[in-house]
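Asker: Sharing work-v4.txt (compact mmCIF, N, CA and C atoms) below.
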# COMPACT_ATOMS: atom_id res chain seq x y z
N MET Q 5 0.86 -1.17 0.00
CA MET Q 5 0.00 0.00 0.00
C MET Q 5 0.90 1.23 0.00
N SER Q 6 0.73 2.07 -0.96
CA SER Q 6 1.51 3.30 -1.00
C SER Q 6 0.64 4.45 -0.53
N ASP Q 7 0.92 5.64 -1.04
CA ASP Q 7 0.10 6.78 -0.67
C ASP Q 7 -1.18 6.86 -1.51
N ALA Q 8 -1.44 5.86 -2.34
CA ALA Q 8 -2.67 5.81 -3.11
C ALA Q 8 -3.84 5.61 -2.16
N PRO Q 9 -5.02 6.08 -2.55
CA PRO Q 9 -6.19 5.92 -1.68
C PRO Q 9 -6.44 4.45 -1.32
N VAL Q 10 -6.78 4.22 -0.09
CA VAL Q 10 -7.05 2.88 0.38
C VAL Q 10 -8.53 2.59 0.19
N THR Q 11 -8.83 1.68 -0.70
CA THR Q 11 -10.23 1.36 -0.96
C THR Q 11 -10.65 0.05 -0.34
N TRP Q 12 -9.70 -0.70 0.20
CA TRP Q 12 -10.04 -2.01 0.77
C TRP Q 12 -10.44 -1.94 2.23
N ILE Q 13 -10.27 -0.81 2.87
CA ILE Q 13 -10.75 -0.65 4.25
C ILE Q 13 -12.15 -0.05 4.18
N LYS Q 14 -13.10 -0.80 4.65
CA LYS Q 14 -14.49 -0.35 4.68
C LYS Q 14 -14.88 -0.15 6.14
N LEU Q 15 -15.23 1.07 6.50
CA LEU Q 15 -15.60 1.38 7.88
C LEU Q 15 -17.11 1.37 8.05
N ASP Q 16 -17.55 0.81 9.17
CA ASP Q 16 -18.96 0.83 9.55
C ASP Q 16 -19.07 1.84 10.69
N ARG Q 17 -19.37 3.06 10.34
CA ARG Q 17 -19.41 4.13 11.35
C ARG Q 17 -20.45 3.87 12.43
N ALA Q 18 -21.54 3.21 12.08
CA ALA Q 18 -22.60 2.91 13.05
C ALA Q 18 -22.09 1.94 14.12
N ALA Q 19 -21.13 1.11 13.77
CA ALA Q 19 -20.60 0.13 14.72
C ALA Q 19 -19.59 0.77 15.69
N GLY Q 20 -19.09 1.98 15.34
CA GLY Q 20 -18.12 2.63 16.20
C GLY Q 20 -16.75 1.96 16.13
N ASP Q 21 -15.89 2.26 17.07
CA ASP Q 21 -14.54 1.70 17.16
C ASP Q 21 -13.81 1.74 15.82
N LEU Q 22 -13.70 2.93 15.25
CA LEU Q 22 -13.04 3.07 13.95
C LEU Q 22 -11.58 2.66 14.01
N GLU Q 23 -10.92 2.98 15.11
CA GLU Q 23 -9.52 2.57 15.30
C GLU Q 23 -9.41 1.05 15.20
N GLY Q 24 -10.30 0.34 15.90
CA GLY Q 24 -10.28 -1.12 15.88
C GLY Q 24 -10.58 -1.68 14.50
N GLN Q 25 -11.50 -1.04 13.79
CA GLN Q 25 -11.83 -1.51 12.44
C GLN Q 25 -10.63 -1.36 11.51
N ILE Q 26 -9.91 -0.26 11.63
CA ILE Q 26 -8.73 -0.04 10.80
C ILE Q 26 -7.65 -1.05 11.14
N SER Q 27 -7.37 -1.22 12.43
CA SER Q 27 -6.30 -2.16 12.81
C SER Q 27 -6.66 -3.59 12.43
N ARG Q 28 -7.93 -3.97 12.57
CA ARG Q 28 -8.33 -5.32 12.17
C ARG Q 28 -8.20 -5.54 10.67
N ALA Q 29 -8.55 -4.51 9.89
CA ALA Q 29 -8.45 -4.63 8.43
C ALA Q 29 -6.99 -4.79 7.99
N VAL Q 30 -6.10 -4.01 8.58
CA VAL Q 30 -4.68 -4.11 8.23
C VAL Q 30 -4.12 -5.45 8.71
N ARG Q 31 -4.45 -5.85 9.94
CA ARG Q 31 -3.98 -7.12 10.49
C ARG Q 31 -4.43 -8.29 9.60
N GLU Q 32 -5.68 -8.26 9.18
CA GLU Q 32 -6.21 -9.32 8.32
C GLU Q 32 -5.44 -9.40 7.00
N ARG Q 33 -5.14 -8.25 6.42
CA ARG Q 33 -4.37 -8.22 5.17
C ARG Q 33 -2.98 -8.80 5.39
N ILE Q 34 -2.37 -8.49 6.51
CA ILE Q 34 -1.04 -9.03 6.81
C ILE Q 34 -1.12 -10.54 6.97
N LEU Q 35 -2.07 -11.02 7.74
CA LEU Q 35 -2.20 -12.46 7.98
C LEU Q 35 -2.53 -13.24 6.71
N GLN Q 36 -3.22 -12.60 5.78
CA GLN Q 36 -3.57 -13.25 4.51
C GLN Q 36 -2.45 -13.14 3.48
N GLY Q 37 -1.37 -12.45 3.83
CA GLY Q 37 -0.25 -12.31 2.92
C GLY Q 37 -0.45 -11.24 1.86
N GLN Q 38 -1.48 -10.41 2.01
CA GLN Q 38 -1.73 -9.34 1.05
C GLN Q 38 -0.89 -8.11 1.33
N LEU Q 39 -0.41 -7.98 2.54
CA LEU Q 39 0.61 -6.99 2.92
C LEU Q 39 1.78 -7.80 3.41
N VAL Q 40 2.93 -7.61 2.80
CA VAL Q 40 4.09 -8.45 3.10
C VAL Q 40 5.16 -7.67 3.85
N PRO Q 41 6.06 -8.38 4.55
CA PRO Q 41 7.14 -7.69 5.26
C PRO Q 41 7.91 -6.76 4.33
N GLY Q 42 8.17 -5.56 4.81
CA GLY Q 42 8.90 -4.58 4.04
C GLY Q 42 8.02 -3.69 3.18
N GLN Q 43 6.77 -4.08 2.99
CA GLN Q 43 5.85 -3.26 2.21
C GLN Q 43 5.48 -2.03 3.02
N ARG Q 44 5.52 -0.88 2.40
CA ARG Q 44 5.24 0.37 3.11
C ARG Q 44 3.75 0.67 3.10
N LEU Q 45 3.29 1.13 4.24
CA LEU Q 45 1.91 1.59 4.35
C LEU Q 45 1.85 3.08 4.04
N GLY Q 46 0.70 3.55 3.68
CA GLY Q 46 0.53 4.97 3.43
C GLY Q 46 0.69 5.77 4.71
N SER Q 47 0.83 7.05 4.54
CA SER Q 47 0.98 7.93 5.70
C SER Q 47 -0.31 7.95 6.52
N THR Q 48 -0.17 8.27 7.78
CA THR Q 48 -1.36 8.36 8.64
C THR Q 48 -2.27 9.48 8.15
N ARG Q 49 -1.68 10.57 7.69
CA ARG Q 49 -2.49 11.67 7.17
C ARG Q 49 -3.26 11.26 5.92
N GLY Q 50 -2.58 10.58 5.00
CA GLY Q 50 -3.22 10.15 3.76
C GLY Q 50 -4.33 9.16 4.01
N LEU Q 51 -4.08 8.20 4.90
CA LEU Q 51 -5.10 7.20 5.20
C LEU Q 51 -6.29 7.84 5.90
N ALA Q 52 -6.01 8.74 6.84
CA ALA Q 52 -7.09 9.43 7.55
C ALA Q 52 -7.96 10.21 6.57
N GLN Q 53 -7.32 10.90 5.64
CA GLN Q 53 -8.06 11.67 4.66
C GLN Q 53 -8.89 10.75 3.76
N ALA Q 54 -8.29 9.65 3.30
CA ALA Q 54 -9.00 8.71 2.42
C ALA Q 54 -10.22 8.09 3.11
N LEU Q 55 -10.10 7.84 4.42
CA LEU Q 55 -11.18 7.20 5.17
C LEU Q 55 -12.15 8.21 5.79
N GLY Q 56 -11.77 9.48 5.79
CA GLY Q 56 -12.62 10.50 6.39
C GLY Q 56 -12.68 10.41 7.90
N VAL Q 57 -11.53 10.10 8.51
CA VAL Q 57 -11.44 10.02 9.97
C VAL Q 57 -10.33 10.94 10.45
N ALA Q 58 -10.27 11.16 11.74
CA ALA Q 58 -9.20 11.97 12.33
C ALA Q 58 -7.87 11.23 12.21
N ARG Q 59 -6.81 11.97 11.99
CA ARG Q 59 -5.48 11.36 11.90
C ARG Q 59 -5.16 10.58 13.17
N SER Q 60 -5.59 11.09 14.32
CA SER Q 60 -5.31 10.40 15.59
C SER Q 60 -5.91 9.00 15.61
N THR Q 61 -7.01 8.79 14.92
CA THR Q 61 -7.63 7.46 14.84
C THR Q 61 -6.69 6.49 14.12
N VAL Q 62 -6.10 6.94 13.04
CA VAL Q 62 -5.17 6.10 12.28
C VAL Q 62 -3.88 5.90 13.07
N VAL Q 63 -3.39 6.95 13.72
CA VAL Q 63 -2.18 6.84 14.54
C VAL Q 63 -2.38 5.78 15.63
N LEU Q 64 -3.52 5.81 16.29
CA LEU Q 64 -3.80 4.82 17.34
C LEU Q 64 -3.88 3.40 16.76
N ALA Q 65 -4.48 3.26 15.59
CA ALA Q 65 -4.56 1.94 14.95
C ALA Q 65 -3.16 1.44 14.60
N TYR Q 66 -2.32 2.29 14.02
CA TYR Q 66 -0.94 1.91 13.69
C TYR Q 66 -0.17 1.58 14.97
N ASP Q 67 -0.35 2.39 16.02
CA ASP Q 67 0.34 2.13 17.29
C ASP Q 67 -0.06 0.77 17.86
N HIS Q 68 -1.33 0.45 17.76
CA HIS Q 68 -1.82 -0.84 18.26
C HIS Q 68 -1.17 -1.99 17.48
N LEU Q 69 -1.11 -1.86 16.17
CA LEU Q 69 -0.49 -2.89 15.33
C LEU Q 69 1.01 -2.99 15.59
N ARG Q 70 1.64 -1.86 15.84
CA ARG Q 70 3.07 -1.87 16.17
C ARG Q 70 3.31 -2.60 17.48
N ALA Q 71 2.46 -2.33 18.47
CA ALA Q 71 2.59 -2.98 19.78
C ALA Q 71 2.41 -4.50 19.67
N GLU Q 72 1.59 -4.93 18.72
CA GLU Q 72 1.35 -6.37 18.51
C GLU Q 72 2.44 -7.01 17.64
N GLY Q 73 3.35 -6.18 17.11
CA GLY Q 73 4.43 -6.71 16.27
C GLY Q 73 4.08 -6.83 14.81
N PHE Q 74 2.97 -6.26 14.39
CA PHE Q 74 2.58 -6.34 12.98
C PHE Q 74 3.20 -5.24 12.14
N LEU Q 75 3.57 -4.10 12.74
CA LEU Q 75 4.17 -3.00 12.02
C LEU Q 75 5.49 -2.61 12.68
N ASP Q 76 6.34 -2.03 11.86
CA ASP Q 76 7.62 -1.50 12.33
C ASP Q 76 7.67 -0.04 11.92
N THR Q 77 7.94 0.82 12.85
CA THR Q 77 7.99 2.25 12.56
C THR Q 77 9.30 2.85 13.03
N ALA Q 78 9.69 3.92 12.35
CA ALA Q 78 10.87 4.69 12.75
C ALA Q 78 10.56 6.15 12.46
N PRO Q 79 11.00 7.05 13.33
CA PRO Q 79 10.71 8.48 13.11
C PRO Q 79 11.21 8.95 11.75
N GLY Q 80 10.34 9.60 11.01
CA GLY Q 80 10.69 10.15 9.71
C GLY Q 80 10.73 9.14 8.58
N ALA Q 81 10.41 7.89 8.87
CA ALA Q 81 10.42 6.86 7.83
C ALA Q 81 9.01 6.33 7.64
N PRO Q 82 8.75 5.76 6.47
CA PRO Q 82 7.40 5.17 6.25
C PRO Q 82 7.15 4.00 7.18
N THR Q 83 5.88 3.77 7.46
CA THR Q 83 5.49 2.64 8.31
C THR Q 83 5.56 1.37 7.49
Could you render the structure as structure tokens?
Answerer:
Amino acid sequence: MSDAPVTWIKLDRAAGDLEGQISRAVRERILQGQLVPGQRLGSTRGLAQALGVARSTVVLAYDHLRAEGFLDTAPGAPT
């Protein structure tokens, strides 16, 4: 996934927990091999804009995935 719009994440706003929906969607893609080690994810700003959510929602989802060992982040580098 690059900085192109993310169309595979579908949010159910009525269900709430947008952070959880984002992290589950990314985790599922990783587990299915659709996102592979070393593949860069889009920026938190770009993903937030594409999904119409606050950037902090995406940051929390990425942080959750990082804590679980699914993502690797470094300051100033792509996720």
Asker: Between atom C of Gln36 (chain Q) and CA of Val10 (chain Q), what is the distance, to one decimal in Å?
Answerer: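 Rounded to one decimal, the two atoms are 17.0 Å apart.
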Asker: Hey, can you check how far CA of Asp76 (chain Q) sits from CA of Asp16 (chain Q)?
Answerer: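 Computing it gives 26.8 Å between the two atoms.
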Asker: To one decimal place, how far is CA of Tyr66 (chain Q) from CA of Ala18 (chain Q) in Å?
Answerer: 21.7 Å
Asker: Can you list, as a ChimeraX atom specification, every residue of chain Q that DSSP puts in helix (DSSP H, G or I)?
Answerer: /Q:17-19,22-35,48-55,59-71
